[in-house]
$ cat target-v4.pdb   # PDB, C-alpha atoms, pLDDT in the B column
ATOM      1  CA  ASP A 422      30.382  -4.315 -25.235  1.00 78.00           C
ATOM      2  CA  LEU A 423      27.791  -7.073 -25.290  1.00 87.00           C
ATOM      3  CA  ILE A 424      27.566  -9.187 -22.154  1.00 89.00           C
ATOM      4  CA  TRP A 425      26.092 -12.651 -22.638  1.00 89.00           C
ATOM      5  CA  VAL A 426      24.168 -13.573 -19.498  1.00 90.00           C
ATOM      6  CA  GLN A 427      23.859 -16.953 -17.814  1.00 80.00           C
ATOM      7  CA  SER A 428      20.073 -16.705 -17.771  1.00 94.00           C
ATOM      8  CA  ALA A 429      17.418 -14.156 -18.653  1.00 97.00           C
ATOM      9  CA  THR A 430      13.638 -14.261 -18.463  1.00 96.00           C
ATOM     10  CA  VAL A 431      11.081 -11.843 -19.842  1.00 97.00           C
ATOM     11  CA  VAL A 432       8.409 -11.225 -17.205  1.00 97.00           C
ATOM     12  CA  ALA A 433       5.195  -9.280 -17.742  1.00 97.00           C
ATOM     13  CA  ASP A 434       1.897  -8.492 -16.095  1.00 97.00           C
ATOM     14  CA  PRO A 435      -1.127 -10.274 -17.605  1.00 96.00           C
ATOM     15  CA  PRO A 436      -3.686  -8.083 -19.403  1.00 94.00           C
ATOM     16  CA  GLU A 437      -6.306  -8.994 -16.792  1.00 95.00           C
ATOM     17  CA  LYS A 438      -4.316  -6.972 -14.240  1.00 95.00           C
ATOM     18  CA  ALA A 439      -6.129  -3.928 -15.625  1.00 89.00           C
ATOM     19  CA  MET A 440      -9.297  -5.430 -14.112  1.00 91.00           C
ATOM     20  CA  ALA A 441      -7.512  -6.459 -10.877  1.00 90.00           C
ATOM     21  CA  GLY A 442      -7.339 -10.085 -12.021  1.00 90.00           C
ATOM     22  CA  GLY A 443      -4.588 -12.681 -12.293  1.00 89.00           C
ATOM     23  CA  ARG A 444      -2.787 -11.563  -9.145  1.00 90.00           C
ATOM     24  CA  ASP A 445      -0.694 -14.726  -8.952  1.00 90.00           C
ATOM     25  CA  LYS A 446       0.976 -13.702 -12.239  1.00 92.00           C
ATOM     26  CA  TRP A 447       1.706 -10.054 -11.431  1.00 95.00           C
ATOM     27  CA  LEU A 448       5.227  -8.796 -12.025  1.00 96.00           C
ATOM     28  CA  SER A 449       5.392  -7.303  -8.527  1.00 96.00           C
ATOM     29  CA  ARG A 450       5.693 -10.829  -7.091  1.00 96.00           C
ATOM     30  CA  HIS A 451       8.955 -11.309  -8.990  1.00 97.00           C
ATOM     31  CA  ILE A 452      10.203  -7.915  -7.779  1.00 97.00           C
ATOM     32  CA  VAL A 453       9.441  -8.732  -4.136  1.00 97.00           C
ATOM     33  CA  THR A 454      11.214 -12.083  -4.430  1.00 97.00           C
ATOM     34  CA  LEU A 455      14.245 -10.484  -6.087  1.00 98.00           C
ATOM     35  CA  ILE A 456      14.589  -7.725  -3.486  1.00 98.00           C
ATOM     36  CA  GLY A 457      14.058 -10.190  -0.651  1.00 98.00           C
ATOM     37  CA  SER A 458      16.904 -12.369  -1.911  1.00 98.00           C
ATOM     38  CA  ALA A 459      19.572  -9.701  -1.297  1.00 98.00           C
ATOM     39  CA  ARG A 460      22.252 -10.640   1.228  1.00 98.00           C
ATOM     40  CA  LYS A 461      25.098  -8.188   0.532  1.00 98.00           C
ATOM     41  CA  ASP A 462      24.010  -5.130  -1.386  1.00 97.00           C
ATOM     42  CA  LEU A 463      20.947  -3.863  -3.209  1.00 98.00           C
ATOM     43  CA  TYR A 464      20.678  -1.091  -5.799  1.00 98.00           C
ATOM     44  CA  LEU A 465      17.258   0.340  -6.624  1.00 98.00           C
ATOM     45  CA  CYS A 466      16.776   2.846  -9.451  1.00 97.00           C
ATOM     46  CA  SER A 467      13.213   4.115  -9.821  1.00 97.00           C
ATOM     47  CA  PRO A 468      12.173   7.527 -11.214  1.00 94.00           C
ATOM     48  CA  TYR A 469       8.970   7.270  -9.157  1.00 95.00           C
ATOM     49  CA  PHE A 470       9.671   5.762  -5.749  1.00 97.00           C
ATOM     50  CA  ILE A 471       6.740   5.292  -3.355  1.00 97.00           C
ATOM     51  CA  PRO A 472       7.479   2.151  -1.307  1.00 97.00           C
ATOM     52  CA  GLY A 473       4.239   2.098   0.711  1.00 95.00           C
ATOM     53  CA  GLN A 474       3.880   0.208   3.982  1.00 95.00           C
ATOM     54  CA  GLU A 475       4.563  -3.203   2.444  1.00 95.00           C
ATOM     55  CA  GLY A 476       7.594  -1.912   0.569  1.00 96.00           C
ATOM     56  CA  MET A 477       9.017  -0.265   3.676  1.00 97.00           C
ATOM     57  CA  ALA A 478       8.503  -3.492   5.630  1.00 97.00           C
ATOM     58  CA  LEU A 479      10.334  -5.458   2.922  1.00 98.00           C
ATOM     59  CA  LEU A 480      13.229  -2.992   2.727  1.00 98.00           C
ATOM     60  CA  GLY A 481      13.426  -2.835   6.513  1.00 97.00           C
ATOM     61  CA  LYS A 482      13.670  -6.614   6.699  1.00 97.00           C
ATOM     62  CA  VAL A 483      16.406  -6.726   4.055  1.00 98.00           C
ATOM     63  CA  SER A 484      18.320  -3.883   5.729  1.00 97.00           C
ATOM     64  CA  SER A 485      18.148  -5.644   9.096  1.00 97.00           C
ATOM     65  CA  LEU A 486      20.134  -8.516   7.552  1.00 97.00           C
ATOM     66  CA  GLY A 487      23.047  -6.158   7.036  1.00 97.00           C
ATOM     67  CA  VAL A 488      22.367  -5.555   3.336  1.00 98.00           C
ATOM     68  CA  LYS A 489      23.682  -2.216   2.060  1.00 98.00           C
ATOM     69  CA  ILE A 490      20.753  -0.601   0.215  1.00 98.00           C
ATOM     70  CA  ARG A 491      21.095   2.376  -2.127  1.00 98.00           C
ATOM     71  CA  VAL A 492      18.149   4.066  -3.837  1.00 98.00           C
ATOM     72  CA  LEU A 493      18.303   6.482  -6.785  1.00 97.00           C
ATOM     73  CA  THR A 494      15.198   8.487  -7.680  1.00 96.00           C
ATOM     74  CA  ASN A 495      14.269  11.915  -9.034  1.00 94.00           C
ATOM     75  CA  SER A 496      14.639  15.101  -7.017  1.00 93.00           C
ATOM     76  CA  LEU A 497      11.833  17.643  -6.870  1.00 91.00           C
ATOM     77  CA  ALA A 498      13.726  19.762  -9.401  1.00 88.00           C
ATOM     78  CA  ALA A 499      14.073  16.812 -11.799  1.00 89.00           C
ATOM     79  CA  THR A 500      10.689  15.121 -11.507  1.00 86.00           C
ATOM     80  CA  ASP A 501       7.983  15.580 -14.120  1.00 83.00           C
ATOM     81  CA  VAL A 502       5.196  14.512 -11.750  1.00 85.00           C
ATOM     82  CA  MET A 503       4.920  16.599  -8.610  1.00 85.00           C
ATOM     83  CA  ILE A 504       2.024  14.517  -7.272  1.00 88.00           C
ATOM     84  CA  VAL A 505       4.312  11.479  -7.192  1.00 91.00           C
ATOM     85  CA  HIS A 506       7.088  13.463  -5.501  1.00 92.00           C
ATOM     86  CA  SER A 507       4.648  14.645  -2.861  1.00 93.00           C
ATOM     87  CA  ALA A 508       3.767  11.045  -2.007  1.00 95.00           C
ATOM     88  CA  TYR A 509       7.422   9.951  -2.073  1.00 96.00           C
ATOM     89  CA  ALA A 510       8.519  12.842   0.165  1.00 95.00           C
ATOM     90  CA  LYS A 511       6.474  11.465   3.055  1.00 96.00           C
ATOM     91  CA  TYR A 512       8.710   8.362   3.137  1.00 97.00           C
ATOM     92  CA  ARG A 513      12.128  10.009   3.062  1.00 97.00           C
ATOM     93  CA  SER A 514      12.689  10.138   6.822  1.00 96.00           C
ATOM     94  CA  LYS A 515      11.469   6.543   7.215  1.00 96.00           C
ATOM     95  CA  ILE A 516      13.784   5.429   4.417  1.00 97.00           C
ATOM     96  CA  LEU A 517      16.808   7.079   6.015  1.00 97.00           C
ATOM     97  CA  ARG A 518      16.026   5.731   9.480  1.00 96.00           C
ATOM     98  CA  THR A 519      15.875   2.242   8.005  1.00 96.00           C
ATOM     99  CA  GLY A 520      19.545   2.647   7.135  1.00 96.00           C
ATOM    100  CA  ILE A 521      19.023   3.091   3.403  1.00 98.00           C
ATOM    101  CA  ALA A 522      21.218   5.499   1.415  1.00 97.00           C
ATOM    102  CA  LEU A 523      18.966   7.793  -0.622  1.00 97.00           C
ATOM    103  CA  PHE A 524      20.070   9.736  -3.694  1.00 96.00           C
ATOM    104  CA  GLU A 525      18.038  12.193  -5.764  1.00 95.00           C
ATOM    105  CA  GLN A 526      18.883  12.866  -9.388  1.00 92.00           C
ATOM    106  CA  LYS A 527      19.746  16.457 -10.285  1.00 89.00           C
ATOM    107  CA  PRO A 528      17.631  18.139 -12.988  1.00 84.00           C
ATOM    108  CA  SER A 529      18.854  17.747 -16.554  1.00 68.00           C
ATOM    109  CA  ILE A 530      20.290  20.756 -18.298  1.00 50.00           C
ATOM    110  CA  GLY A 531      17.767  22.618 -20.404  1.00 46.00           C
ATOM    111  CA  ARG A 532      14.591  21.313 -18.750  1.00 47.00           C
ATOM    112  CA  ARG A 533      11.785  23.690 -19.598  1.00 47.00           C
ATOM    113  CA  ARG A 534       8.397  22.104 -18.998  1.00 52.00           C
ATOM    114  CA  LEU A 535       6.696  20.533 -16.024  1.00 50.00           C
ATOM    115  CA  SER A 536       3.599  18.366 -16.376  1.00 48.00           C
ATOM    116  CA  LEU A 537       1.472  17.588 -13.371  1.00 45.00           C
ATOM    117  CA  PHE A 538       0.751  14.092 -14.718  1.00 47.00           C
ATOM    118  CA  GLY A 539       4.009  13.308 -16.465  1.00 51.00           C
ATOM    119  CA  SER A 540       5.854  13.739 -19.728  1.00 53.00           C
ATOM    120  CA  ARG A 541       8.945  12.473 -21.501  1.00 52.00           C
ATOM    121  CA  THR A 542      11.228  15.108 -19.972  1.00 56.00           C
ATOM    122  CA  ALA A 543      11.985  13.343 -16.679  1.00 55.00           C
ATOM    123  CA  SER A 544      15.656  13.597 -15.771  1.00 74.00           C
ATOM    124  CA  LEU A 545      15.786   9.987 -14.600  1.00 85.00           C
ATOM    125  CA  HIS A 546      13.934   7.308 -16.539  1.00 89.00           C
ATOM    126  CA  THR A 547      15.709   3.976 -15.972  1.00 92.00           C
ATOM    127  CA  LYS A 548      14.035   1.360 -13.765  1.00 96.00           C
ATOM    128  CA  ALA A 549      16.591  -1.155 -12.533  1.00 97.00           C
ATOM    129  CA  ILE A 550      17.396  -3.430  -9.594  1.00 98.00           C
ATOM    130  CA  VAL A 551      20.748  -5.070  -8.864  1.00 98.00           C
ATOM    131  CA  VAL A 552      21.114  -7.712  -6.141  1.00 98.00           C
ATOM    132  CA  ASP A 553      24.507  -8.759  -4.728  1.00 98.00           C
ATOM    133  CA  ARG A 554      26.145  -7.826  -8.055  1.00 97.00           C
ATOM    134  CA  ALA A 555      24.924 -11.186  -9.315  1.00 97.00           C
ATOM    135  CA  GLU A 556      21.401 -10.728 -10.648  1.00 97.00           C
ATOM    136  CA  GLY A 557      18.866  -8.038 -11.358  1.00 97.00           C
ATOM    137  CA  PHE A 558      15.954  -6.560 -13.254  1.00 98.00           C
ATOM    138  CA  VAL A 559      15.598  -3.921 -15.968  1.00 97.00           C
ATOM    139  CA  GLY A 560      12.208  -2.914 -17.326  1.00 97.00           C
ATOM    140  CA  SER A 561       9.256  -0.558 -17.055  1.00 97.00           C
ATOM    141  CA  PHE A 562       8.409  -1.238 -13.399  1.00 97.00           C
ATOM    142  CA  ASN A 563       8.594   1.739 -11.017  1.00 97.00           C
ATOM    143  CA  LEU A 564       8.709   0.969  -7.308  1.00 97.00           C
ATOM    144  CA  ASP A 565       5.365   2.616  -6.670  1.00 96.00           C
ATOM    145  CA  PRO A 566       1.710   1.549  -6.182  1.00 94.00           C
ATOM    146  CA  ARG A 567       0.717   2.367  -9.754  1.00 94.00           C
ATOM    147  CA  SER A 568       3.237  -0.034 -11.281  1.00 96.00           C
ATOM    148  CA  ALA A 569       2.470  -2.620  -8.611  1.00 95.00           C
ATOM    149  CA  SER A 570      -1.329  -2.573  -8.876  1.00 93.00           C
ATOM    150  CA  ILE A 571      -2.563  -0.753 -11.986  1.00 93.00           C
ATOM    151  CA  ASN A 572      -0.165  -0.548 -14.924  1.00 95.00           C
ATOM    152  CA  THR A 573       0.658  -3.650 -16.960  1.00 96.00           C
ATOM    153  CA  GLU A 574       4.464  -3.671 -16.801  1.00 97.00           C
ATOM    154  CA  MET A 575       7.223  -5.845 -18.221  1.00 97.00           C
ATOM    155  CA  GLY A 576      10.963  -6.329 -17.990  1.00 98.00           C
ATOM    156  CA  ILE A 577      13.840  -8.788 -17.892  1.00 98.00           C
ATOM    157  CA  LEU A 578      15.083 -10.733 -14.887  1.00 98.00           C
ATOM    158  CA  PHE A 579      18.692 -11.787 -15.415  1.00 97.00           C
ATOM    159  CA  ARG A 580      21.514 -13.606 -13.667  1.00 96.00           C
ATOM    160  CA  SER A 581      25.001 -12.442 -14.633  1.00 96.00           C
ATOM    161  CA  GLY A 582      27.827 -11.229 -12.425  1.00 95.00           C
ATOM    162  CA  PRO A 583      29.470  -9.103 -15.149  1.00 95.00           C
ATOM    163  CA  LEU A 584      26.207  -7.455 -16.239  1.00 95.00           C
ATOM    164  CA  ALA A 585      25.020  -6.870 -12.656  1.00 96.00           C
ATOM    165  CA  ALA A 586      28.377  -5.345 -11.734  1.00 96.00           C
ATOM    166  CA  SER A 587      28.278  -3.132 -14.835  1.00 95.00           C
ATOM    167  CA  ILE A 588      24.806  -1.792 -14.007  1.00 95.00           C
ATOM    168  CA  ALA A 589      25.803  -1.279 -10.363  1.00 97.00           C
ATOM    169  CA  SER A 590      28.829   0.731 -11.508  1.00 95.00           C
ATOM    170  CA  ILE A 591      26.659   2.924 -13.754  1.00 94.00           C
ATOM    171  CA  LEU A 592      24.240   3.567 -10.887  1.00 95.00           C
ATOM    172  CA  GLU A 593      27.112   4.400  -8.524  1.00 95.00           C
ATOM    173  CA  ASP A 594      28.459   6.954 -11.007  1.00 93.00           C
ATOM    174  CA  GLN A 595      24.997   8.493 -11.252  1.00 92.00           C
ATOM    175  CA  MET A 596      24.630   8.592  -7.473  1.00 93.00           C
ATOM    176  CA  ASN A 597      27.997  10.329  -7.179  1.00 91.00           C
ATOM    177  CA  THR A 598      26.656  13.191  -9.300  1.00 89.00           C
ATOM    178  CA  SER A 599      23.281  13.333  -7.522  1.00 91.00           C
ATOM    179  CA  TYR A 600      22.169  14.780  -4.203  1.00 93.00           C
ATOM    180  CA  GLU A 601      22.441  12.465  -1.205  1.00 95.00           C
ATOM    181  CA  VAL A 602      19.576  12.977   1.225  1.00 96.00           C
ATOM    182  CA  GLY A 603      20.389  12.884   4.933  1.00 94.00           C
ATOM    183  CA  GLU A 604      19.124  14.120   8.269  1.00 93.00           C
ATOM    184  CA  ARG A 605      20.553  16.604  10.746  1.00 91.00           C
ATOM    185  CA  ASN A 606      18.805  17.563  13.966  1.00 89.00           C
ATOM    186  CA  GLY A 607      15.643  15.842  12.787  1.00 88.00           C
ATOM    187  CA  ARG A 608      15.481  17.750   9.507  1.00 92.00           C
ATOM    188  CA  LEU A 609      16.259  16.638   5.975  1.00 94.00           C
ATOM    189  CA  VAL A 610      19.407  17.930   4.299  1.00 94.00           C
ATOM    190  CA  TRP A 611      20.800  17.476   0.788  1.00 93.00           C
ATOM    191  CA  ARG A 612      24.523  16.975   0.229  1.00 93.00           C
ATOM    192  CA  ASP A 613      26.406  17.430  -3.029  1.00 85.00           C
ATOM    193  CA  ALA A 614      29.662  15.484  -2.869  1.00 61.00           C
ATOM    194  CA  ASN A 615      31.014  17.434  -5.850  1.00 65.00           C
ATOM    195  CA  GLN A 616      31.007  20.703  -3.939  1.00 63.00           C
ATOM    196  CA  THR A 617      33.923  21.804  -1.765  1.00 55.00           C
ATOM    197  CA  GLY A 618      33.291  20.976   1.863  1.00 55.00           C
ATOM    198  CA  ASN A 619      30.388  18.690   1.040  1.00 61.00           C
ATOM    199  CA  ALA A 620      27.963  21.592   1.576  1.00 77.00           C
ATOM    200  CA  GLU A 621      24.491  20.875   2.911  1.00 84.00           C
ATOM    201  CA  ARG A 622      21.204  22.399   1.816  1.00 84.00           C
ATOM    202  CA  ALA A 623      18.210  22.622   4.126  1.00 83.00           C
ATOM    203  CA  ALA A 624      15.666  22.911   1.276  1.00 86.00           C
ATOM    204  CA  GLU A 625      14.998  20.935  -1.891  1.00 86.00           C
ATOM    205  CA  PRO A 626      17.964  21.877  -4.119  1.00 86.00           C
ATOM    206  CA  ASP A 627      17.495  23.571  -7.488  1.00 83.00           C
ATOM    207  CA  ALA A 628      13.734  23.860  -6.845  1.00 84.00           C
ATOM    208  CA  SER A 629      12.013  27.231  -6.778  1.00 82.00           C
ATOM    209  CA  ILE A 630       9.869  28.343  -3.853  1.00 83.00           C
ATOM    210  CA  SER A 631       6.713  27.918  -5.941  1.00 83.00           C
ATOM    211  CA  ARG A 632       7.696  24.376  -6.921  1.00 82.00           C
ATOM    212  CA  ARG A 633       8.458  23.456  -3.287  1.00 83.00           C
ATOM    213  CA  TRP A 634       5.114  24.943  -2.244  1.00 81.00           C
TER
END
$ encode --input "target-v4.pdb" --output "structure tokens"
Amino acid sequence: DLIWVQSATVVADPPEKAMAGGRDKWLSRHIVTLIGSARKDLYLCSPYFIPGQEGMALLGKVSSLGVKIRVLTNSLAATDVMIVHSAYAKYRSKILRTGIALFEQKPSIGRRRLSLFGSRTASLHTKAIVVDRAEGFVGSFNLDPRSASINTEMGILFRSGPLAASIASILEDQMNTSYEVGERNGRLVWRDANQTGNAERAAEPDASISRRW
């Protein structure tokens, strides 16, 4: 069904961003403001998730306010860019210790090809943010340095309780069929809630030894 929103704004990076210009108009400023406004819960869906020091500081600040943060991104088995996953993997322990719930998308059925620099076969593609089930963002912006500083991105900022709640519900359903990343005895573990006994894995699930290497 169509949901008519209270307000919606198309936001986009200026072309001069490609030459590191027009910083005051960059889309990332809107994203930072949106994330920083969360007071109850925050959903982040980003196929490529590399928060960086500034991103971790922002998420840490929001989490310290008691905001429940949930992140959905690609697993190693699902990603189409291993270089990105390698950078993201370095943040997983920091993310968990900040109190953020971290979910990794399972690989899609029938995946055959892996490209070092990306392709259209990524299991997870949606980029979305939902804040307090009241407002959010949907667009091309990944929560990573490339989207923040290099690519010219665009998307829609919206305010609508029904639409925000609908997107949050979709993301929750996706998280429930993904792997939840946790820690046990200082080591990462992956839990699949759909399996009997909530079994844990001590290595990246569904990823071959060569891919993990």
$ atom_distance --input "target-v4.pdb" --atom1 "CA of Trp611 (chain A)" --atom2 "CA of Lys527 (chain A)"
11.2 Å
$ atom_distance --input "target-v4.pdb" --atom1 "CA of Ser458 (chain A)" --atom2 "CA of Lys438 (chain A)"
25.1 Å
$ atom_distance --input "target-v4.pdb" --atom1 "CA of Arg491 (chain A)" --atom2 "CA of Tyr464 (chain A)"
5.1 Å
$ axis_aligned_box --input "target-v4.pdb" --around "region 463-472 of chain A" --padding-each-side "3 Å" --output "lines of an AutoDock Vina configuration file"
center_x = 13.8
center_y = 1.8
center_z = -6.3
size_x = 20.2
size_y = 17.4
size_z = 15.9
$ resolve_selection --input "target-v4.pdb" --expression "the PyMOL selection byres ((chain A and resi 447) around 10)" --output "VMD selection string"
chain A and resid 432 to 438 441 to 446 448 to 452 569 to 570 573 to 575
$ write_last_selection --input "target-v4.pdb" --atoms "C-alpha atoms" --output "compact mmCIF listing (two decimals), in the coordinates of the input"
# COMPACT_ATOMS: atom_id res chain seq x y z
CA VAL A 432 8.41 -11.22 -17.20
CA ALA A 433 5.20 -9.28 -17.74
CA ASP A 434 1.90 -8.49 -16.10
CA PRO A 435 -1.13 -10.27 -17.60
CA PRO A 436 -3.69 -8.08 -19.40
CA GLU A 437 -6.31 -8.99 -16.79
CA LYS A 438 -4.32 -6.97 -14.24
CA ALA A 441 -7.51 -6.46 -10.88
CA GLY A 442 -7.34 -10.09 -12.02
CA GLY A 443 -4.59 -12.68 -12.29
CA ARG A 444 -2.79 -11.56 -9.14
CA ASP A 445 -0.69 -14.73 -8.95
CA LYS A 446 0.98 -13.70 -12.24
CA LEU A 448 5.23 -8.80 -12.02
CA SER A 449 5.39 -7.30 -8.53
CA ARG A 450 5.69 -10.83 -7.09
CA HIS A 451 8.96 -11.31 -8.99
CA ILE A 452 10.20 -7.92 -7.78
CA ALA A 569 2.47 -2.62 -8.61
CA SER A 570 -1.33 -2.57 -8.88
CA THR A 573 0.66 -3.65 -16.96
CA GLU A 574 4.46 -3.67 -16.80
CA MET A 575 7.22 -5.84 -18.22
$ resolve_selection --input "target-v4.pdb" --expression "the PyMOL selection byres ((chain A and resi 465-473) around 10)" --output "number ranges by chain"
A: 456, 463-464, 474-480, 490-496, 499-502, 505-513, 516, 523-526, 543-552, 557-559, 561-568, 589, 592, 596
$ resolve_selection --input "target-v4.pdb" --expression "the PyMOL selection byres ((chain A and resi 623) around 6)" --output "list in words"
Val610, Arg622 and Ala624 of chain A
$ closest_residue --input "target-v4.pdb" --among "A:Leu423, A:Val602, A:Leu455, A:Ala439" --to "Leu578 (chain A)" --atoms "only C-alpha atoms"
A:Leu455
$ closest_residue --input "target-v4.pdb" --among "A:Leu584, A:Ile521, A:Ala628, A:Ala555" --to "Glu601 (chain A)" --atoms "all atoms listed in the file"
A:Ile521
$ closest_residue --input "target-v4.pdb" --among "A:Glu593, A:Phe579, A:Glu621, A:Ile630" --to "Thr430 (chain A)" --atoms "all atoms listed in the file"
A:Phe579
$ residues_around --input "target-v4.pdb" --residues "Arg518 (chain A)" --least-positions-apart "4" --cutoff "10 Å" --atoms "all atoms listed in the file" --output "list in words"
Gly481, Arg513, Ser514, Ala522, Gly603 and Glu604 of chain A
$ closest_residue --input "target-v4.pdb" --among "A:Met440, A:Leu497, A:Leu517, A:Lys461" --to "Arg605 (chain A)" --atoms "all atoms listed in the file"
A:Leu517
$ closest_residue --input "target-v4.pdb" --among "A:Gly520, A:Gly487, A:Pro583, A:Gly576" --to "Ala429 (chain A)" --atoms "all atoms listed in the file"
A:Gly576
$ closest_residue --input "target-v4.pdb" --among "A:Arg554, A:Lys515, A:Ser590, A:Gly582" --to "Leu609 (chain A)" --atoms "all atoms listed in the file"
A:Lys515
